[in-house]
Amino acid sequence: MKLFFLFLAFFICATTVKAEQISVTSFNQDVVKSYIKTIILADFKDLIDPTLTTIIKTEDLFNNIPKDVHYVFIDFAKPKTFLGKILIDIVFLSEDNKIVLKHKCLVESSLTGKVYVANRKLRKNSIIREADIQLMEHDITSVLFAYISNKNQIIGKQTKNRMVRGIPFTDKWIEIAPVIHRGDPVFVLVKSPGYEIKCEGIALQAGNIGDMVQLKSSLSKKILRGEILNEKSILVTTN
């Protein structure tokens, strides 16, 4: 018995497992479903109007429990997502915590909710406006995709790639719009020990404040590299 609990403690610490040991009289499908639903909804707490369905596929293990079982150990070893089909280890224990039986519990969960999608084709590097988005019911397939349910996190940003109608907005598709675009005219401030030069130039790369980008100045044909100070100015520092 001591060996079992030592192994269990090590396993929990090593894999960050959430586990529950309950009385066999409290063991039922609702207990398993409730925990899984809580975790899934916590992962998608910003989802609008979520609808979650959880089904136990191995119902027999709840009906054919040996008489000498007093406790049930439920091992919720969290995968990347609880959505879809997952297997949960369930161990039936005697009164003195000896293993009587082990089972795999197959659970299948599906989730839908309202997220913002593109309501028309959007070109790459398009600035997204409110008229370009639509709140729509959508199947949620993975926690790995950061579905966006807040329109303020979308409007004003730009598309990373071309989008077709109906694609949900995630971080994969949008980014902060640069303050300077490739080809923009800029003011160039060239600083070096002992002197400072101001001139006009052309940005050769897009970027935001603090980014290092390439540019050409009106004073030289060489390609320079400088830091974006604001939407009009770039600082070039030389030794």
# chains A, B, ... in the order shown; residues from 1 in each chain; ligands from 1
>>> closest_atom_pairs(of="stretch 99-140 of chain A", to="stretch 16-38 of chain A", cutoff="12 Å", atoms="only C-alpha atoms", output="CSV")
residue,atom,partner,partner_atom,distance
A:Cys105,CA,A:Val32,CA,9.4
A:Leu106,CA,A:Val32,CA,10.7
A:Val107,CA,A:Lys33,CA,8.3
A:Glu108,CA,A:Lys33,CA,9.8
A:Ser109,CA,A:Lys37,CA,8.4
A:Ser110,CA,A:Lys37,CA,10.1
A:Leu111,CA,A:Lys37,CA,9.9
>>> residues_around(residues="stretch 208-213 of chain A", least_positions_apart="6", cutoff="12 Å", atoms="only C-alpha atoms", output="list in words")
Glu175, Ile176, Ala177, Pro178, Val179, Ile180, His181, Arg182, Gly183, Val186, Val188, Ile202, Ile223, Leu224, Arg225, Gly226, Glu227, Ile228, Leu229, Asn230, Glu231, Lys232, Ser233, Ile234, Leu235, Val236 and Thr237 of chain A
>>> write_last_selection(atoms="N, CA, C and O atoms", output="compact mmCIF listing (two decimals), in the first residue's frame")
# COMPACT_ATOMS: atom_id res chain seq x y z
N GLU A 175 -2.63 40.24 -36.87
CA GLU A 175 -1.49 40.82 -36.16
C GLU A 175 -1.70 42.32 -36.04
O GLU A 175 -2.56 42.90 -36.72
N ILE A 176 -0.93 42.95 -35.18
CA ILE A 176 -1.01 44.41 -35.02
C ILE A 176 -0.55 45.06 -36.32
O ILE A 176 0.49 44.70 -36.89
N ALA A 177 -1.32 46.02 -36.79
CA ALA A 177 -0.96 46.72 -38.04
C ALA A 177 0.29 47.57 -37.80
O ALA A 177 0.39 48.28 -36.79
N PRO A 178 1.27 47.52 -38.71
CA PRO A 178 2.50 48.30 -38.52
C PRO A 178 2.23 49.80 -38.63
O PRO A 178 1.34 50.23 -39.36
N VAL A 179 3.01 50.59 -37.91
CA VAL A 179 2.86 52.06 -37.99
C VAL A 179 3.55 52.59 -39.24
O VAL A 179 3.21 53.67 -39.74
N ILE A 180 4.53 51.85 -39.74
CA ILE A 180 5.20 52.21 -40.99
C ILE A 180 5.13 51.02 -41.93
O ILE A 180 5.41 49.89 -41.52
N HIS A 181 4.75 51.28 -43.17
CA HIS A 181 4.67 50.24 -44.18
C HIS A 181 5.83 50.34 -45.16
O HIS A 181 6.48 51.39 -45.27
N ARG A 182 6.10 49.25 -45.83
CA ARG A 182 7.13 49.25 -46.87
C ARG A 182 6.76 50.27 -47.95
O ARG A 182 5.63 50.30 -48.44
N GLY A 183 7.73 51.14 -48.29
CA GLY A 183 7.50 52.17 -49.30
C GLY A 183 7.05 53.50 -48.75
O GLY A 183 6.96 54.49 -49.50
N VAL A 186 9.66 58.57 -44.95
CA VAL A 186 9.94 58.76 -43.52
C VAL A 186 10.99 59.84 -43.33
O VAL A 186 11.72 60.21 -44.26
N VAL A 188 14.43 60.59 -41.48
CA VAL A 188 15.55 59.77 -40.99
C VAL A 188 16.45 60.64 -40.12
O VAL A 188 16.87 61.72 -40.52
N ILE A 202 13.05 56.42 -47.44
CA ILE A 202 11.97 55.49 -47.79
C ILE A 202 12.15 54.20 -46.98
O ILE A 202 13.24 53.62 -46.96
N ILE A 223 21.83 50.88 -48.21
CA ILE A 223 20.70 50.47 -47.39
C ILE A 223 21.10 50.58 -45.92
O ILE A 223 22.12 50.01 -45.50
N LEU A 224 20.33 51.35 -45.16
CA LEU A 224 20.60 51.54 -43.74
C LEU A 224 19.61 50.73 -42.91
O LEU A 224 18.62 50.22 -43.40
N ARG A 225 19.90 50.64 -41.63
CA ARG A 225 19.02 49.93 -40.71
C ARG A 225 18.79 50.82 -39.49
O ARG A 225 19.75 51.34 -38.90
N GLY A 226 17.52 51.01 -39.13
CA GLY A 226 17.24 51.90 -38.02
C GLY A 226 16.03 51.47 -37.22
O GLY A 226 15.29 50.55 -37.60
N GLU A 227 15.85 52.16 -36.09
CA GLU A 227 14.75 51.86 -35.17
C GLU A 227 13.59 52.80 -35.41
O GLU A 227 13.78 54.03 -35.50
N ILE A 228 12.38 52.26 -35.51
CA ILE A 228 11.19 53.08 -35.71
C ILE A 228 10.87 53.84 -34.41
O ILE A 228 10.69 53.23 -33.36
N LEU A 229 10.82 55.17 -34.50
CA LEU A 229 10.52 56.01 -33.34
C LEU A 229 9.02 56.30 -33.23
O LEU A 229 8.46 56.32 -32.15
N ASN A 230 8.38 56.53 -34.37
CA ASN A 230 6.94 56.77 -34.45
C ASN A 230 6.48 56.50 -35.87
O ASN A 230 7.25 55.93 -36.66
N GLU A 231 5.27 56.93 -36.21
CA GLU A 231 4.73 56.60 -37.53
C GLU A 231 5.40 57.36 -38.68
O GLU A 231 5.10 57.10 -39.84
N LYS A 232 6.34 58.25 -38.36
CA LYS A 232 6.99 59.03 -39.42
C LYS A 232 8.51 59.02 -39.34
O LYS A 232 9.18 59.42 -40.31
N SER A 233 9.09 58.60 -38.21
CA SER A 233 10.53 58.78 -38.01
C SER A 233 11.25 57.47 -37.71
O SER A 233 10.72 56.61 -37.02
N ILE A 234 12.50 57.39 -38.23
CA ILE A 234 13.37 56.25 -37.99
C ILE A 234 14.74 56.76 -37.55
O ILE A 234 15.30 57.67 -38.16
N LEU A 235 15.28 56.17 -36.50
CA LEU A 235 16.58 56.54 -35.96
C LEU A 235 17.64 55.56 -36.43
O LEU A 235 17.50 54.35 -36.24
N VAL A 236 18.70 56.10 -37.05
CA VAL A 236 19.85 55.30 -37.48
C VAL A 236 21.05 55.69 -36.63
O VAL A 236 21.43 56.88 -36.62
N THR A 237 21.61 54.74 -35.92
CA THR A 237 22.77 55.03 -35.07
C THR A 237 24.01 54.39 -35.69
O THR A 237 24.01 53.21 -36.03
>>> atom_distance(atom1="atom CA of A:Lys151", atom2="atom CA of A:Gly207")
23.4 Å
>>> select_by_dssp(residues="stretch 43-216 of chain A", states="strand (DSSP E or B)", output="JSON, numbers by chain")
{"A": [48, 49, 50, 51, 52, 53, 54, 55, 56, 71, 72, 73, 74, 75, 76, 84, 85, 86, 87, 88, 89, 90, 91, 92, 93, 99, 100, 101, 102, 103, 104, 105, 106, 107, 108, 109, 110, 111, 112, 113, 114, 115, 116, 117, 118, 122, 127, 133, 134, 135, 136, 137, 138, 139, 140, 158, 159, 163, 168, 174, 175, 180, 185, 186, 187, 188, 189, 190, 191, 192, 195, 196, 197, 198, 199, 200, 201, 202, 203, 207, 212, 213, 214, 215, 216]}
>>> residues_around(residues="stretch 91-96 of chain A", least_positions_apart="3", cutoff="12 Å", atoms="only C-alpha atoms", output="PyMOL selection string")
chain A and resi 1-2+4-5+8+19-25+27+61-62+64-76+88+99-105
>>> residues_around(residues="A:Leu41", least_positions_apart="4", cutoff="12 Å", atoms="only C-alpha atoms", output="PyMOL selection string")
chain A and resi 34-37+45-54+81-83+109-113+140+143
>>> select_by_dssp(residues="stretch 41-238 of chain A", states="alpha helix (DSSP H)", output="short mmCIF file (atom, residue, chain, number, x, y, z; two decimals) with N, CA, C and O atoms, in the first residue's frame")
data_model
loop_
_atom_site.label_atom_id
_atom_site.label_comp_id
_atom_site.auth_asym_id
_atom_site.auth_seq_id
_atom_site.Cartn_x
_atom_site.Cartn_y
_atom_site.Cartn_z
N LEU A 41 -14.72 24.18 -20.22
CA LEU A 41 -15.28 25.52 -20.19
C LEU A 41 -14.29 26.53 -19.60
O LEU A 41 -14.31 27.71 -19.97
N ALA A 42 -13.41 26.08 -18.71
CA ALA A 42 -12.37 26.97 -18.17
C ALA A 42 -11.37 27.34 -19.26
O ALA A 42 -10.85 28.46 -19.30
N ASP A 43 -11.09 26.39 -20.16
CA ASP A 43 -10.17 26.67 -21.27
C ASP A 43 -10.76 27.65 -22.28
O ASP A 43 -10.04 28.31 -23.01
N ASP A 60 -20.41 0.41 -19.30
CA ASP A 60 -20.44 -0.84 -18.53
C ASP A 60 -19.62 -0.78 -17.25
O ASP A 60 -19.96 -1.42 -16.25
N LEU A 61 -18.54 0.01 -17.26
CA LEU A 61 -17.68 0.03 -16.07
C LEU A 61 -18.38 0.64 -14.86
O LEU A 61 -17.97 0.44 -13.72
N PHE A 62 -19.47 1.37 -15.09
CA PHE A 62 -20.23 1.94 -13.97
C PHE A 62 -21.26 0.94 -13.43
O PHE A 62 -21.79 1.12 -12.34
N ASN A 63 -21.51 -0.09 -14.20
CA ASN A 63 -22.56 -1.05 -13.81
C ASN A 63 -22.01 -2.36 -13.27
O ASN A 63 -22.72 -3.08 -12.56
#
>>> atom_distance(atom1="atom CA of A:Arg120", atom2="atom CA of A:Phe44")
25.7 Å
>>> closest_residue(among="A:Thr170, A:Ser220, A:Gln205, A:Asn125", to="A:Ser149", atoms="only C-alpha atoms")
A:Thr170
>>> closest_residue(among="A:Lys124, A:Lys85, A:Lys222, A:His138", to="A:Lys57", atoms="only C-alpha atoms")
A:Lys85
